[in-house]
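These notes are about the structure you will find just below.
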Number of protein chains: 2
Amino acid sequence: MKMGQGVEWALHCCVNMSWSPSGEAVNSARLAELYKLPSAYLNKQLQALVRAGILSSVSGPRGGFQLARRPEKITVLDIVLAIEGPEPAFRCESILGNSPDADQLEDYVRSCLVSQTMRQAELAWRQALSRQTIAGIAASVERKFPTAKKDTLQRLMPARG
Amino acid sequence: MKMGQGVEWALHCCVNMSWSPSGEAVNSARLAELYKLPSAYLNKQLQALVRAGILSSVSGPRGGFQLARRPEKITVLDIVLAIEGPEPAFRCESILGNSPDADQLEDYVRSCLVSQTMRQAELAWRQALSRQTIAGIAASVERKFPTAKKDTLQRLMPARG
(Lines give C-alpha, C1' and ligand atoms only; values in the text may rest on other atoms or scores of the structure.)
Protein backbone atom coordinates (compact mmCIF):
# COMPACT_ATOMS: atom_id res chain seq x y z
CA MET A 1 0.00 0.00 0.00
CA LYS A 2 1.62 3.21 -1.14
CA MET A 3 0.42 6.76 -1.38
CA GLY A 4 1.29 8.63 -4.57
CA GLN A 5 4.12 11.19 -4.53
CA GLY A 6 1.57 13.83 -5.45
CA VAL A 7 0.51 14.18 -1.80
CA GLU A 8 3.95 15.38 -0.70
CA TRP A 9 4.20 17.73 -3.69
CA ALA A 10 0.72 19.17 -3.20
CA LEU A 11 1.24 19.79 0.52
CA HIS A 12 4.50 21.68 -0.04
CA CYS A 13 3.00 23.69 -2.88
CA CYS A 14 0.03 24.71 -0.73
CA VAL A 15 2.34 25.78 2.12
CA ASN A 16 4.28 27.90 -0.38
CA MET A 17 1.09 29.43 -1.78
CA SER A 18 0.03 30.38 1.74
CA TRP A 19 3.11 32.62 1.82
CA SER A 20 2.26 34.39 -1.41
CA PRO A 21 1.80 38.14 -0.78
CA SER A 22 -1.91 39.03 -0.99
CA GLY A 23 -2.59 35.53 -2.30
CA GLU A 24 -1.03 36.23 -5.70
CA ALA A 25 -0.93 33.25 -8.08
CA VAL A 26 2.19 31.10 -8.03
CA ASN A 27 3.61 29.83 -11.29
CA SER A 28 3.59 26.02 -11.37
CA ALA A 29 6.70 25.77 -13.56
CA ARG A 30 8.59 27.68 -10.85
CA LEU A 31 7.23 25.32 -8.19
CA ALA A 32 8.38 22.33 -10.27
CA GLU A 33 11.80 23.94 -10.75
CA LEU A 34 12.17 24.69 -7.02
CA TYR A 35 11.85 21.02 -6.05
CA LYS A 36 13.11 19.47 -9.31
CA LEU A 37 9.73 17.90 -10.05
CA PRO A 38 8.32 16.90 -13.46
CA SER A 39 6.32 19.98 -14.40
CA ALA A 40 3.45 18.31 -16.29
CA TYR A 41 2.87 15.77 -13.54
CA LEU A 42 2.95 18.44 -10.83
CA ASN A 43 0.44 20.42 -12.85
CA LYS A 44 -1.86 17.42 -12.90
CA GLN A 45 -1.79 17.26 -9.09
CA LEU A 46 -2.49 20.97 -8.78
CA GLN A 47 -5.43 20.62 -11.17
CA ALA A 48 -6.83 17.95 -8.86
CA LEU A 49 -6.67 20.50 -6.04
CA VAL A 50 -8.54 22.98 -8.24
CA ARG A 51 -11.28 20.41 -8.85
CA ALA A 52 -11.51 19.86 -5.09
CA GLY A 53 -11.96 23.61 -4.47
CA ILE A 54 -8.64 23.93 -2.62
CA LEU A 55 -6.85 25.97 -5.29
CA SER A 56 -8.02 28.23 -8.06
CA SER A 57 -6.12 28.69 -11.26
CA VAL A 58 -5.44 32.10 -12.72
CA SER A 59 -4.64 32.57 -16.40
CA GLY A 60 -2.57 35.28 -18.02
CA PRO A 61 1.04 36.42 -17.80
CA ARG A 62 1.01 36.52 -13.98
CA GLY A 63 -1.10 33.36 -13.85
CA GLY A 64 -0.66 30.19 -11.91
CA PHE A 65 -2.34 28.76 -8.83
CA GLN A 66 -3.51 30.33 -5.59
CA LEU A 67 -5.28 29.03 -2.52
CA ALA A 68 -9.04 29.13 -3.01
CA ARG A 69 -9.63 29.66 0.70
CA ARG A 70 -7.73 30.72 3.80
CA PRO A 71 -4.91 28.29 4.75
CA GLU A 72 -6.55 27.87 8.19
CA LYS A 73 -9.48 26.31 6.34
CA ILE A 74 -7.43 23.79 4.35
CA THR A 75 -6.61 20.63 6.25
CA VAL A 76 -4.02 18.07 5.29
CA LEU A 77 -6.91 15.60 4.96
CA ASP A 78 -8.56 17.84 2.33
CA ILE A 79 -5.40 17.64 0.24
CA VAL A 80 -4.83 13.91 0.74
CA LEU A 81 -8.41 13.11 -0.32
CA ALA A 82 -8.19 15.48 -3.31
CA ILE A 83 -5.07 13.70 -4.58
CA GLU A 84 -5.73 10.11 -3.54
CA GLY A 85 -9.52 10.09 -3.89
CA PRO A 86 -12.15 9.76 -1.19
CA GLU A 87 -12.20 5.95 -1.00
CA PRO A 88 -10.81 4.33 2.13
CA ALA A 89 -7.64 2.25 1.75
CA PHE A 90 -9.38 -0.83 3.16
CA ARG A 91 -12.38 -1.70 1.02
CA CYS A 92 -14.43 -4.45 2.62
CA GLU A 93 -15.51 -6.96 0.00
CA SER A 94 -17.86 -8.55 2.49
CA ILE A 95 -16.48 -12.07 2.06
CA LEU A 96 -18.60 -13.16 5.03
CA GLY A 97 -21.57 -12.78 2.72
CA ASN A 98 -20.09 -15.46 0.41
CA SER A 99 -20.36 -18.15 3.05
CA PRO A 100 -23.14 -20.75 2.66
CA ASP A 101 -24.18 -19.85 6.24
CA ALA A 102 -24.46 -16.13 5.47
CA ASP A 103 -27.64 -14.24 6.24
CA GLN A 104 -28.54 -12.66 2.91
CA LEU A 105 -30.31 -9.80 4.69
CA GLU A 106 -27.25 -8.88 6.76
CA ASP A 107 -25.15 -5.87 5.71
CA TYR A 108 -21.74 -7.37 6.48
CA VAL A 109 -19.85 -4.25 5.38
CA ARG A 110 -21.38 -2.53 8.42
CA SER A 111 -21.66 -5.43 10.86
CA CYS A 112 -18.46 -7.41 10.21
CA LEU A 113 -16.04 -6.92 13.08
CA VAL A 114 -13.01 -7.06 10.77
CA SER A 115 -14.50 -4.33 8.61
CA GLN A 116 -15.33 -2.23 11.70
CA THR A 117 -11.79 -2.54 13.05
CA MET A 118 -10.27 -1.44 9.76
CA ARG A 119 -12.76 1.43 9.47
CA GLN A 120 -12.03 2.71 12.97
CA ALA A 121 -8.29 2.73 12.28
CA GLU A 122 -8.80 4.64 9.06
CA LEU A 123 -10.98 7.11 10.96
CA ALA A 124 -8.15 7.67 13.44
CA TRP A 125 -5.82 8.36 10.50
CA ARG A 126 -8.25 10.79 8.90
CA GLN A 127 -8.86 12.57 12.20
CA ALA A 128 -5.11 13.07 12.67
CA LEU A 129 -4.84 14.51 9.15
CA SER A 130 -7.85 16.76 9.66
CA ARG A 131 -6.36 18.32 12.80
CA GLN A 132 -3.45 19.84 10.87
CA THR A 133 -3.98 22.73 8.46
CA ILE A 134 -1.80 24.39 5.82
CA ALA A 135 -1.64 27.46 8.07
CA GLY A 136 -0.47 25.29 10.97
CA ILE A 137 2.27 23.66 8.91
CA ALA A 138 3.37 27.02 7.47
CA ALA A 139 3.63 28.51 10.96
CA SER A 140 5.69 25.55 12.19
CA VAL A 141 8.00 25.79 9.18
CA GLU A 142 8.53 29.51 9.84
CA ARG A 143 9.47 28.78 13.45
CA LYS A 144 11.77 25.90 12.60
CA PHE A 145 13.37 27.23 9.40
CA PRO A 146 13.34 31.03 9.83
CA THR A 147 14.60 31.80 6.31
CA ALA A 148 12.34 29.32 4.49
CA LYS A 149 9.50 31.72 3.70
CA LYS A 150 11.79 34.46 2.35
CA ASP A 151 13.98 32.03 0.39
CA THR A 152 10.95 30.34 -1.14
CA LEU A 153 9.28 33.57 -2.17
CA GLN A 154 12.48 34.77 -3.81
CA ARG A 155 12.53 31.60 -5.92
CA LEU A 156 8.82 31.59 -6.74
CA MET A 157 8.16 35.29 -7.16
CA PRO A 158 11.54 36.84 -7.96
CA ALA A 159 10.03 40.12 -9.15
CA ARG A 160 8.44 40.59 -5.74
CA GLY A 161 11.32 39.20 -3.74
CA MET B 1 -4.31 4.23 -2.32
CA LYS B 2 -5.80 0.79 -1.85
CA MET B 3 -4.99 -2.05 0.47
CA GLY B 4 -4.89 -5.52 -1.09
CA GLN B 5 -7.83 -7.88 -0.58
CA GLY B 6 -5.45 -10.23 1.20
CA VAL B 7 -5.82 -8.26 4.44
CA GLU B 8 -9.55 -8.99 4.72
CA TRP B 9 -9.00 -12.66 3.82
CA ALA B 10 -6.12 -13.11 6.25
CA LEU B 11 -8.01 -11.51 9.15
CA HIS B 12 -11.05 -13.75 8.67
CA CYS B 13 -8.87 -16.84 8.30
CA CYS B 14 -7.03 -16.05 11.54
CA VAL B 15 -10.32 -15.53 13.42
CA ASN B 16 -11.48 -18.93 12.14
CA MET B 17 -8.21 -20.58 13.15
CA SER B 18 -8.61 -19.17 16.66
CA TRP B 19 -11.76 -21.30 16.91
CA SER B 20 -10.03 -24.51 15.87
CA PRO B 21 -10.27 -27.10 18.69
CA SER B 22 -6.88 -27.49 20.39
CA GLY B 23 -5.36 -25.36 17.63
CA GLU B 24 -5.64 -28.09 14.99
CA ALA B 25 -4.53 -27.07 11.49
CA VAL B 26 -7.19 -25.70 9.17
CA ASN B 27 -7.19 -26.73 5.53
CA SER B 28 -6.67 -23.72 3.27
CA ALA B 29 -8.72 -25.17 0.41
CA ARG B 30 -11.69 -25.36 2.82
CA LEU B 31 -11.10 -21.75 3.87
CA ALA B 32 -11.06 -20.71 0.20
CA GLU B 33 -14.23 -22.71 -0.45
CA LEU B 34 -16.01 -21.17 2.58
CA TYR B 35 -15.62 -17.62 1.27
CA LYS B 36 -15.45 -18.44 -2.47
CA LEU B 37 -11.87 -17.18 -2.71
CA PRO B 38 -9.20 -18.19 -5.25
CA SER B 39 -7.38 -20.96 -3.44
CA ALA B 40 -3.85 -20.38 -4.76
CA TYR B 41 -3.98 -16.66 -4.02
CA LEU B 42 -5.36 -17.24 -0.53
CA ASN B 43 -2.55 -19.72 0.06
CA LYS B 44 -0.04 -17.03 -0.90
CA GLN B 45 -1.46 -14.70 1.75
CA LEU B 46 -1.36 -17.41 4.39
CA GLN B 47 2.26 -18.18 3.50
CA ALA B 48 3.06 -14.50 4.13
CA LEU B 49 1.57 -14.93 7.62
CA VAL B 50 3.80 -17.98 8.13
CA ARG B 51 6.87 -15.94 7.16
CA ALA B 52 5.81 -13.28 9.69
CA GLY B 53 5.54 -15.88 12.47
CA ILE B 54 1.76 -15.46 12.82
CA LEU B 55 0.82 -18.87 11.40
CA SER B 56 2.62 -22.16 11.14
CA SER B 57 1.97 -24.63 8.38
CA VAL B 58 1.41 -28.32 9.06
CA SER B 59 1.96 -30.93 6.39
CA GLY B 60 0.29 -34.32 6.03
CA PRO B 61 -3.30 -35.53 5.54
CA ARG B 62 -4.62 -33.37 8.41
CA GLY B 63 -2.33 -30.51 7.43
CA GLY B 64 -3.03 -26.88 6.84
CA PHE B 65 -2.42 -23.73 8.84
CA GLN B 66 -2.69 -22.95 12.52
CA LEU B 67 -2.00 -19.91 14.67
CA ALA B 68 1.65 -19.83 15.71
CA ARG B 69 0.81 -18.02 18.95
CA ARG B 70 -2.19 -17.30 21.13
CA PRO B 71 -4.85 -15.14 19.41
CA GLU B 72 -4.53 -12.61 22.27
CA LYS B 73 -0.97 -12.07 21.03
CA ILE B 74 -1.83 -11.46 17.39
CA THR B 75 -2.89 -7.90 16.63
CA VAL B 76 -4.64 -6.70 13.52
CA LEU B 77 -1.56 -4.56 12.87
CA ASP B 78 0.65 -7.69 12.85
CA ILE B 79 -1.50 -9.13 10.08
CA VAL B 80 -1.77 -5.92 8.06
CA LEU B 81 2.02 -5.47 8.10
CA ALA B 82 2.61 -9.13 7.22
CA ILE B 83 0.39 -8.82 4.14
CA GLU B 84 1.07 -5.24 3.05
CA GLY B 85 4.70 -4.98 4.12
CA PRO B 86 6.21 -2.82 6.86
CA GLU B 87 6.66 0.35 4.79
CA PRO B 88 4.44 3.32 5.63
CA ALA B 89 1.89 4.37 3.00
CA PHE B 90 3.37 7.86 2.86
CA ARG B 91 7.01 7.69 1.86
CA CYS B 92 8.67 11.07 2.17
CA GLU B 93 10.91 11.71 -0.81
CA SER B 94 12.37 14.71 0.91
CA ILE B 95 11.68 17.13 -1.93
CA LEU B 96 12.72 19.98 0.37
CA GLY B 97 16.25 18.69 -0.05
CA ASN B 98 16.03 19.33 -3.83
CA SER B 99 15.65 23.07 -3.34
CA PRO B 100 18.67 25.25 -4.15
CA ASP B 101 18.25 26.74 -0.67
CA ALA B 102 18.34 23.35 1.05
CA ASP B 103 20.77 22.67 3.85
CA GLN B 104 22.60 19.56 2.66
CA LEU B 105 23.27 18.51 6.26
CA GLU B 106 19.59 18.61 7.21
CA ASP B 107 17.65 15.31 7.45
CA TYR B 108 14.40 16.54 5.89
CA VAL B 109 12.68 13.19 6.23
CA ARG B 110 12.80 13.77 9.99
CA SER B 111 12.51 17.52 10.21
CA CYS B 112 10.06 18.38 7.43
CA LEU B 113 6.72 19.36 8.94
CA VAL B 114 4.76 17.76 6.10
CA SER B 115 6.60 14.50 6.64
CA GLN B 116 5.98 14.70 10.40
CA THR B 117 2.26 15.30 9.94
CA MET B 118 1.89 12.33 7.64
CA ARG B 119 3.94 10.14 9.98
CA GLN B 120 1.87 11.09 13.03
CA ALA B 121 -1.34 10.20 11.21
CA GLU B 122 0.06 6.85 10.16
CA LEU B 123 1.09 6.24 13.74
CA ALA B 124 -2.49 6.89 14.88
CA TRP B 125 -3.67 4.34 12.31
CA ARG B 126 -1.13 1.76 13.42
CA GLN B 127 -1.98 2.32 17.09
CA ALA B 128 -5.67 1.74 16.38
CA LEU B 129 -4.85 -1.50 14.56
CA SER B 130 -2.51 -2.64 17.30
CA ARG B 131 -5.19 -2.24 19.97
CA GLN B 132 -7.39 -4.94 18.40
CA THR B 133 -6.38 -8.62 18.52
CA ILE B 134 -7.65 -11.74 16.79
CA ALA B 135 -8.97 -12.94 20.16
CA GLY B 136 -10.84 -9.65 20.60
CA ILE B 137 -12.44 -9.85 17.15
CA ALA B 138 -13.34 -13.53 17.66
CA ALA B 139 -15.04 -12.73 20.98
CA SER B 140 -17.02 -9.88 19.43
CA VAL B 141 -18.09 -12.11 16.53
CA GLU B 142 -19.28 -14.78 19.00
CA ARG B 143 -21.36 -12.19 20.86
CA LYS B 144 -22.85 -10.66 17.74
CA PHE B 145 -23.32 -13.78 15.62
CA PRO B 146 -23.92 -16.60 18.15
CA THR B 147 -23.93 -19.42 15.57
CA ALA B 148 -20.86 -18.21 13.62
CA LYS B 149 -18.24 -20.27 15.45
CA LYS B 150 -20.21 -23.53 15.25
CA ASP B 151 -21.25 -22.98 11.61
CA THR B 152 -17.69 -22.14 10.60
CA LEU B 153 -16.15 -25.14 12.33
CA GLN B 154 -18.67 -27.45 10.69
CA ARG B 155 -17.58 -26.14 7.29
CA LEU B 156 -13.86 -26.14 8.00
CA MET B 157 -13.54 -29.31 10.09
CA PRO B 158 -16.55 -31.43 9.20
CA ALA B 159 -15.13 -34.57 10.84
CA ARG B 160 -14.95 -32.75 14.17
CA GLY B 161 -18.19 -30.82 13.76
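So you can find residues: chains in the C-alpha coordinates are A, B, ... in the order shown, residues in each start at 1, and ligands are numbered from 1 in order.
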Counting only C-alpha atoms, which residues of chain A sit at most 6 Å from some atom of chain B, and what is each one's closest atom pair with its distance in Å to one decimal, listed by chain and rising residue number, as CSV?
```
residue,atom,partner,partner_atom,distance
A:Met1,CA,B:Met3,CA,5.4
A:Lys2,CA,B:Ala89,CA,4.3
A:Met3,CA,B:Ala89,CA,5.2
A:Leu34,CA,B:Ser99,CA,5.3
A:Tyr35,CA,B:Asn98,CA,5.0
A:Ala89,CA,B:Lys2,CA,4.3
A:Phe90,CA,B:Met3,CA,5.3
A:Ile95,CA,B:Tyr35,CA,5.7
A:Asn98,CA,B:Tyr35,CA,5.0
A:Ser99,CA,B:Tyr35,CA,5.1
A:Ala121,CA,B:Trp125,CA,4.9
A:Ala124,CA,B:Trp125,CA,5.7
A:Trp125,CA,B:Ala121,CA,4.9
A:Ala128,CA,B:Ala121,CA,5.0
A:Leu129,CA,B:Ala121,CA,5.9
```
| task | Go ahead and compute the interatomic distance for CA of Glu72 in chain B and CA of Asn43 in chain B, in Å to one decimal. | result | 23.4 Å
| said: If DSSP is run on the backbone, what residues of range 8-144 of chain A are strand (DSSP E)? A reply as number ranges by chain would be ideal. | reply: A: 55-58, 64-67
Filtering to all heavy atoms, could you give me those residues as a PDB file, in the first residue's frame?
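Result saved to part01.pdb:
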```pdb
ATOM      1  N   LEU A  55      -7.580  24.931  -4.553  1.00  0.00           N
ATOM      2  CA  LEU A  55      -6.853  25.969  -5.295  1.00  0.00           C
ATOM      3  C   LEU A  55      -7.779  26.576  -6.339  1.00  0.00           C
ATOM      4  O   LEU A  55      -8.780  25.972  -6.730  1.00  0.00           O
ATOM      5  CB  LEU A  55      -5.637  25.367  -6.035  1.00  0.00           C
ATOM      6  CG  LEU A  55      -4.533  24.715  -5.222  1.00  0.00           C
ATOM      7  CD1 LEU A  55      -3.398  24.280  -6.151  1.00  0.00           C
ATOM      8  CD2 LEU A  55      -4.019  25.656  -4.140  1.00  0.00           C
ATOM      9  N   SER A  56      -7.407  27.751  -6.816  1.00  0.00           N
ATOM     10  CA  SER A  56      -8.024  28.233  -8.056  1.00  0.00           C
ATOM     11  C   SER A  56      -6.888  28.565  -9.015  1.00  0.00           C
ATOM     12  O   SER A  56      -5.766  28.854  -8.589  1.00  0.00           O
ATOM     13  CB  SER A  56      -8.944  29.428  -7.819  1.00  0.00           C
ATOM     14  OG  SER A  56      -8.352  30.348  -6.950  1.00  0.00           O
ATOM     15  N   SER A  57      -7.173  28.427 -10.285  1.00  0.00           N
ATOM     16  CA  SER A  57      -6.122  28.695 -11.263  1.00  0.00           C
ATOM     17  C   SER A  57      -6.405  30.042 -11.915  1.00  0.00           C
ATOM     18  O   SER A  57      -7.557  30.432 -12.110  1.00  0.00           O
ATOM     19  CB  SER A  57      -6.012  27.565 -12.282  1.00  0.00           C
ATOM     20  OG  SER A  57      -7.100  27.587 -13.148  1.00  0.00           O
ATOM     21  N   VAL A  58      -5.352  30.741 -12.186  1.00  0.00           N
ATOM     22  CA  VAL A  58      -5.438  32.098 -12.724  1.00  0.00           C
ATOM     23  C   VAL A  58      -4.699  32.087 -14.052  1.00  0.00           C
ATOM     24  O   VAL A  58      -3.557  31.612 -14.118  1.00  0.00           O
ATOM     25  CB  VAL A  58      -4.737  33.091 -11.756  1.00  0.00           C
ATOM     26  CG1 VAL A  58      -4.737  34.502 -12.323  1.00  0.00           C
ATOM     27  CG2 VAL A  58      -5.401  33.047 -10.382  1.00  0.00           C
ATOM     28  N   GLY A  64      -1.179  31.300 -12.685  1.00  0.00           N
ATOM     29  CA  GLY A  64      -0.658  30.187 -11.908  1.00  0.00           C
ATOM     30  C   GLY A  64      -1.749  29.687 -10.979  1.00  0.00           C
ATOM     31  O   GLY A  64      -2.927  29.681 -11.358  1.00  0.00           O
ATOM     32  N   PHE A  65      -1.366  29.295  -9.784  1.00  0.00           N
ATOM     33  CA  PHE A  65      -2.343  28.760  -8.831  1.00  0.00           C
ATOM     34  C   PHE A  65      -2.292  29.572  -7.545  1.00  0.00           C
ATOM     35  O   PHE A  65      -1.225  30.059  -7.147  1.00  0.00           O
ATOM     36  CB  PHE A  65      -2.018  27.298  -8.521  1.00  0.00           C
ATOM     37  CG  PHE A  65      -2.175  26.380  -9.700  1.00  0.00           C
ATOM     38  CD1 PHE A  65      -1.110  26.130 -10.562  1.00  0.00           C
ATOM     39  CD2 PHE A  65      -3.406  25.780  -9.961  1.00  0.00           C
ATOM     40  CE1 PHE A  65      -1.252  25.294 -11.659  1.00  0.00           C
ATOM     41  CE2 PHE A  65      -3.556  24.941 -11.064  1.00  0.00           C
ATOM     42  CZ  PHE A  65      -2.473  24.694 -11.906  1.00  0.00           C
ATOM     43  N   GLN A  66      -3.447  29.673  -6.908  1.00  0.00           N
ATOM     44  CA  GLN A  66      -3.512  30.328  -5.594  1.00  0.00           C
ATOM     45  C   GLN A  66      -4.477  29.545  -4.703  1.00  0.00           C
ATOM     46  O   GLN A  66      -5.329  28.801  -5.214  1.00  0.00           O
ATOM     47  CB  GLN A  66      -3.947  31.790  -5.735  1.00  0.00           C
ATOM     48  CG  GLN A  66      -5.311  31.948  -6.340  1.00  0.00           C
ATOM     49  CD  GLN A  66      -5.641  33.373  -6.769  1.00  0.00           C
ATOM     50  OE1 GLN A  66      -6.780  33.631  -7.149  1.00  0.00           O
ATOM     51  NE2 GLN A  66      -4.682  34.290  -6.744  1.00  0.00           N
ATOM     52  N   LEU A  67      -4.349  29.705  -3.428  1.00  0.00           N
ATOM     53  CA  LEU A  67      -5.284  29.033  -2.515  1.00  0.00           C
ATOM     54  C   LEU A  67      -6.689  29.590  -2.754  1.00  0.00           C
ATOM     55  O   LEU A  67      -6.865  30.802  -2.888  1.00  0.00           O
ATOM     56  CB  LEU A  67      -4.880  29.249  -1.051  1.00  0.00           C
ATOM     57  CG  LEU A  67      -3.510  28.718  -0.618  1.00  0.00           C
ATOM     58  CD1 LEU A  67      -3.346  28.887   0.901  1.00  0.00           C
ATOM     59  CD2 LEU A  67      -3.327  27.243  -0.995  1.00  0.00           C
TER      60      LEU A  67
END
```
| request: Show which residues sit within 7 Å of Lys149 in chain B, as a PyMOL selection string. Count only C-alpha atoms, and ignore same-chain residues fewer than 4 positions away. | output: chain B and resi 19+142+153
| Contacts of Gly63 in chain B at 7 Å (only C-alpha atoms; same-chain gap of 4+ positions) as JSON, numbers by chain | {"B": [25, 27, 58, 59]}
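Closest approach to Thr75 in chain A from the set A:Arg143, A:Asn16, A:Ile54, A:Pro21 is made by A:Ile54, with distances taken over only C-alpha atoms.
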| When DSSP works through the backbone of this structure, what residues of chain B end up as alpha helix (DSSP H), shown as an MDAnalysis selection string? | chainID B and resid 6:18 28:35 39:51 76:84 108:111 113:131 134:144 148:156
| field | Atomic distance CA of Pro71 in chain A - CA of Ser18 in chain A, expressed in Å with one decimal | value | 6.1 Å
